[in-house]
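*Asks:* After the structure tokens below, expect a handful of questions from me.
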Amino acid sequence: MSPSLVILVYSLGFLLLVSLCLFGFIVLRRVVTDSEQRLFQRLYRAIEKDILEAVTAPDLERLREVASKYRLYSSVLTRVLLDYGQVISGDAKDRLKLVFDLTLRERCRKQLSSPWTSRRLKAARLFFVFFDPGESEILLKIFQDKPIVRLTALTSLFRVSDPAILEFICRAFEEDSGPTLRSYFSIMVGLGEKIEPYVRESLKKNLPLEKIGLLIELIGTVPLRTLGSELQSWSTHPEKEIRIKVARALGKLSLPDSIAILLKLAKDEAWEVQAQAVKSLGLLKDPRALDLLFRSLFSPHWYVRYNAARVLASMGREGIEKLKSVAAQEMDRYARDMSIMTLHELAILEEGE
Amino acid sequence: MAAAWDAFYHFFSWLILIYFVALNLSYILFTILSLIGIFRYQKLTTYVSFHDVFRLPLVKPISIIAPAFNEEATIVESVRALLALEYPCYEVIIVNDGSTDLTLEKLIRVFHLQKARRVFRRVLETKPIRGIYLSPDYPHLVVVDKVNGKKADALNAGLNISRYPLFCAVDSDSLLEKDALLKIVRPFLEEPDRLVAAGGIIRLSNGCTVASGQVGQVRLPRNILARFQIVEYLRAFLGGRLGLSMLRSVLIISGAFGIFRKDIVLQCGGYRHGTVGEDLDLVVRMRRHLHNMHMPFSIRFIPDPICWTEAPESLKLLARQRNRWHRGLIDALSHNIHMLFNPRYGVTGLVAMPFYFIFEMLGPFIEVGGYLVFLFCLIFGGLNYPFALLFFLVAVILGTLLSLLAVLLEEYSAYRYPRLGDILLIVLFSLLENVVYRQFLTVVRVKAFFDYWRGKEEWGRMTRKGFAEAR
């Protein structure tokens, strides 16, 4: 055999061998993965059963036994603690927290400084589920971490209703800066009306505009109706973004006495504020806004016309009559087209209902 | 004369060798980076619940824009799939780009569409719109019927009509997995200020069963060409784009499935008319614009959100599709040639553009040149047999290894081929791919270069079998 042919045969043999090895590896990996998953499931069921028994047992001894029995199975135990820590509350949650304290807390604390993001992520999730006020400083660090860790922290906080978390979050919000700020908004929304006294206090402080804007947005999103009156002073703020946020928040709050502020904002010098105020007036469904909405249909700004038409369509017979009258006129074809479009869409959607 | 030929022969041999080594080293680097990326992604997403993402008030609504031209075979299944996606707030905009078949009629009949007089802001210039249709049964479905103006024009029309701050461009002959939007939008929550675009993975639906707009059982198709393409897609997406994404050098977000920040796209003037590679062109222009504006940004490829599409099963259709893709690549790169090796454009100018220019755009010429020189020497003598044989073997071995690694990447990432028989077949086709299939595509891409030079702007007609008959 010539050397070329030998090389050729060897090369083809090598390729075939590599392919077979790869296939063999895939088969082996699947077998191993399947058996690992079966083992995981079996262990999960066992830990789940023991932990549920222990958290409902009259004494804490059983809980300690379970913790010591499973402390070496950290990955399965983590999964069980996460699954149950997010759905149970009260005394049972405290007992579950004890299992976490006895088994994983120390390890998680170390993992929060790990160079591996996945470890920090796991630890962050557990720390938020089993929040301890004494560890606020550690949690504050999590909000300076990579975006995915912050996102995980956020999704965990949504499920946690620990009152101690409140103070920590508000302090962190006031001290923090940069791209993480938006994360606090989501957390605060998740905390609901409990956040009201903190928002009231924070609005009085000399915070940067970005933070004030977030707080105003928060009032509307939660919603915090008792803070509706606080918004009045911000409605004349020289910054356009703040006025837009005030208009949006007032719409979401839908307080009857906010109509005057919204009507004023609908005549604001900035069209963005007008558009938002018009949209918010629609949420109030107050007939006093009909005339202004009618006039807004003739605005030179597309978004103002668009929002005015939609709002009129949602205000019942009177609003539709206004739309019809604009649709019939010839003076302003932009206002006419917008009215016709809205009436048309309304007819189609009503048919579907 | 003989001396001149000898000098040319040696120069060309070395050129090919250097090109070849550089190309394969790049691909090996991408594959290694992809492996790292997949492991990291898998580990990280273990502790992120995509359904919890639903609950965040930060989640932005999305407009899905799907241009359709003569898609009567697949359009209904595709729209059903889009309407069944898991996402808190989105609208589906189907743009019928002057289809000459029954695409619009089918949509009107199945979704009970009615013509509406919709007013919209014409931010981007497009061909005239003949009608906008709404469905009384599906309030978030909008069908736009317009005069044919090609895909970029249709997407721009969709952008004009869209209402939301993010938009997702999809092909109307593709199927998105139910949680695809949730998965692709996650990076926008992580980096709301920086991320401007993200792309998902495209997989081939040939051979799979489709029910209620969702891919059910995943199997390999019987068609040999489709099998080759499956290997190729795995290598391109899992090995190539993920690797490039790790280097922050993603230049292509597939037109079949990509999500963009609308304000940035509008600042760039939307999709460019007169190009057949509007997806690549848009990303390159976005990068150029953001660099020029000194805005920090990121564009990412996510290996998990899956979009299924049908691959051509005949040589003619495959050649037509690849010809178009290559013309699109040449067009996008030549329109932005000043970015090439330009340090002002950072990693885009120094890594992404050079890679696509040298290896993707010029690569087929160098490869075909090599084949021609080989044939010439074979016929007229002077071939260095040991060198040629060794070169050929190294080429085949490296090419095959890269394809095999892509199979491994698939196994570690999505695990979509549960049958071992299918994996064995993919491995087999990875071995065979480098023999005839690769050479065929190289020739097609060289022809595309000449077609582009001649000013050919045709899309080329693609016929679809439809998902129901996919097997």
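Letters A, B, ... mark the chains of the structure tokens in the order given; residue numbers begin at 1 per chain; ligand numbers begin at 1, in order shown.
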Near segment 60-63 of chain B, within 6 Å and counting only C-alpha atoms, which residues show up once chain neighbours fewer than 2 positions away are dropped, as a PyMOL selection string?
*Replies:* chain B and resi 89-91+162+164+166-167
*Asks:* Go ahead and write the selection's residues with N, CA and C atoms as an mmCIF file, in the first residue's frame.
*Replies:*
data_model
loop_
_atom_site.group_PDB
_atom_site.id
_atom_site.type_symbol
_atom_site.label_atom_id
_atom_site.label_comp_id
_atom_site.auth_asym_id
_atom_site.auth_seq_id
_atom_site.Cartn_x
_atom_site.Cartn_y
_atom_site.Cartn_z
ATOM 1 N N CYS B 89 -48.599 40.563 27.115
ATOM 2 C CA CYS B 89 -49.216 41.575 26.267
ATOM 3 C C CYS B 89 -48.481 41.669 24.930
ATOM 4 N N TYR B 90 -49.167 41.295 23.870
ATOM 5 C CA TYR B 90 -48.548 41.414 22.554
ATOM 6 C C TYR B 90 -49.608 41.510 21.472
ATOM 7 N N GLU B 91 -49.197 42.023 20.305
ATOM 8 C CA GLU B 91 -50.082 42.053 19.151
ATOM 9 C C GLU B 91 -49.388 41.330 17.996
ATOM 10 N N SER B 162 -47.329 49.061 14.085
ATOM 11 C CA SER B 162 -47.135 48.482 15.425
ATOM 12 C C SER B 162 -47.288 49.557 16.509
ATOM 13 N N TYR B 164 -46.206 48.833 19.983
ATOM 14 C CA TYR B 164 -45.448 48.575 21.205
ATOM 15 C C TYR B 164 -43.949 48.895 21.078
ATOM 16 N N LEU B 166 -41.241 47.193 21.780
ATOM 17 C CA LEU B 166 -40.371 46.144 21.250
ATOM 18 C C LEU B 166 -41.096 45.500 20.081
ATOM 19 N N PHE B 167 -40.351 45.093 19.063
ATOM 20 C CA PHE B 167 -41.020 44.327 18.019
ATOM 21 C C PHE B 167 -40.212 43.094 17.681
#
*Asks:* Show me which bits of chain B are within 6 Å of chain A, counting only C-alpha atoms, as a list in words.
*Replies:*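 Listed by rising number, the hits are Lys43, Leu44, Val48, Asp52, Ala116, Arg117, Arg118, Val119, Pro136, Asp137 and Glu190 of chain B.
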*Asks:* Pick from B:Gly37, B:Pro165, B:Pro139, B:Gly421: nearest to Val196 of chain B, with only C-alpha atoms counted?
*Replies:* B:Pro165
*Asks:* Within 8 Å of segment 98-104 of chain B, counting only C-alpha atoms, which residues qualify if same-chain residues fewer than 6 places away don't, as a VMD selection string?
*Replies:* chain B and resid 68 to 72 75 145 to 149
*Asks:* Grab the residues selected above and save them as a compact mmCIF listing (two decimals), in the first residue's frame with C-alpha atoms.
*Replies:*
# COMPACT_ATOMS: atom_id res chain seq x y z
CA ALA B 68 -46.18 36.97 4.24
CA PHE B 69 -45.77 36.50 0.52
CA ASN B 70 -47.56 33.54 -1.06
CA GLU B 71 -47.65 31.52 2.15
CA GLU B 72 -51.05 29.91 1.72
CA ILE B 75 -50.05 30.84 7.03
CA ASP B 145 -52.70 43.96 2.97
CA LYS B 146 -50.27 45.96 0.85
CA VAL B 147 -48.83 46.24 -2.62
CA ASN B 148 -45.81 43.98 -3.06
CA GLY B 149 -42.62 45.74 -2.05
*Asks:* Could you check which of B:Val368, B:Cys268, B:Leu107, B:Leu204 is closest to Gln439 of chain B, using only C-alpha atoms?
*Replies:*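 Checking each of B:Val368, B:Cys268, B:Leu107, B:Leu204 against Gln439 of chain B, counting only C-alpha atoms, the winner is B:Val368.
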*Asks:* Using DSSP on the backbone coordinates, identify all residues within segment 9-233 of chain A classified as alpha helix (DSSP H); present the result as a ChimeraX atom specification.
*Replies:* /A:9-56,61-70,74-85,91-103,105-111,117-129,136-142,147-159,164-175,181-191,196-204,209-221,231-233
*Asks:* Would you please give, as a count of residues only, all residues of segment 99-283 of chain B that DSSP assigns to strand (DSSP E or B) based on the backbone?
*Replies:* 42
*Asks:* So how far away is atom CA of Ile36 of chain B from atom CA of Met353 of chain B, in Å?
*Replies:* 23.2 Å
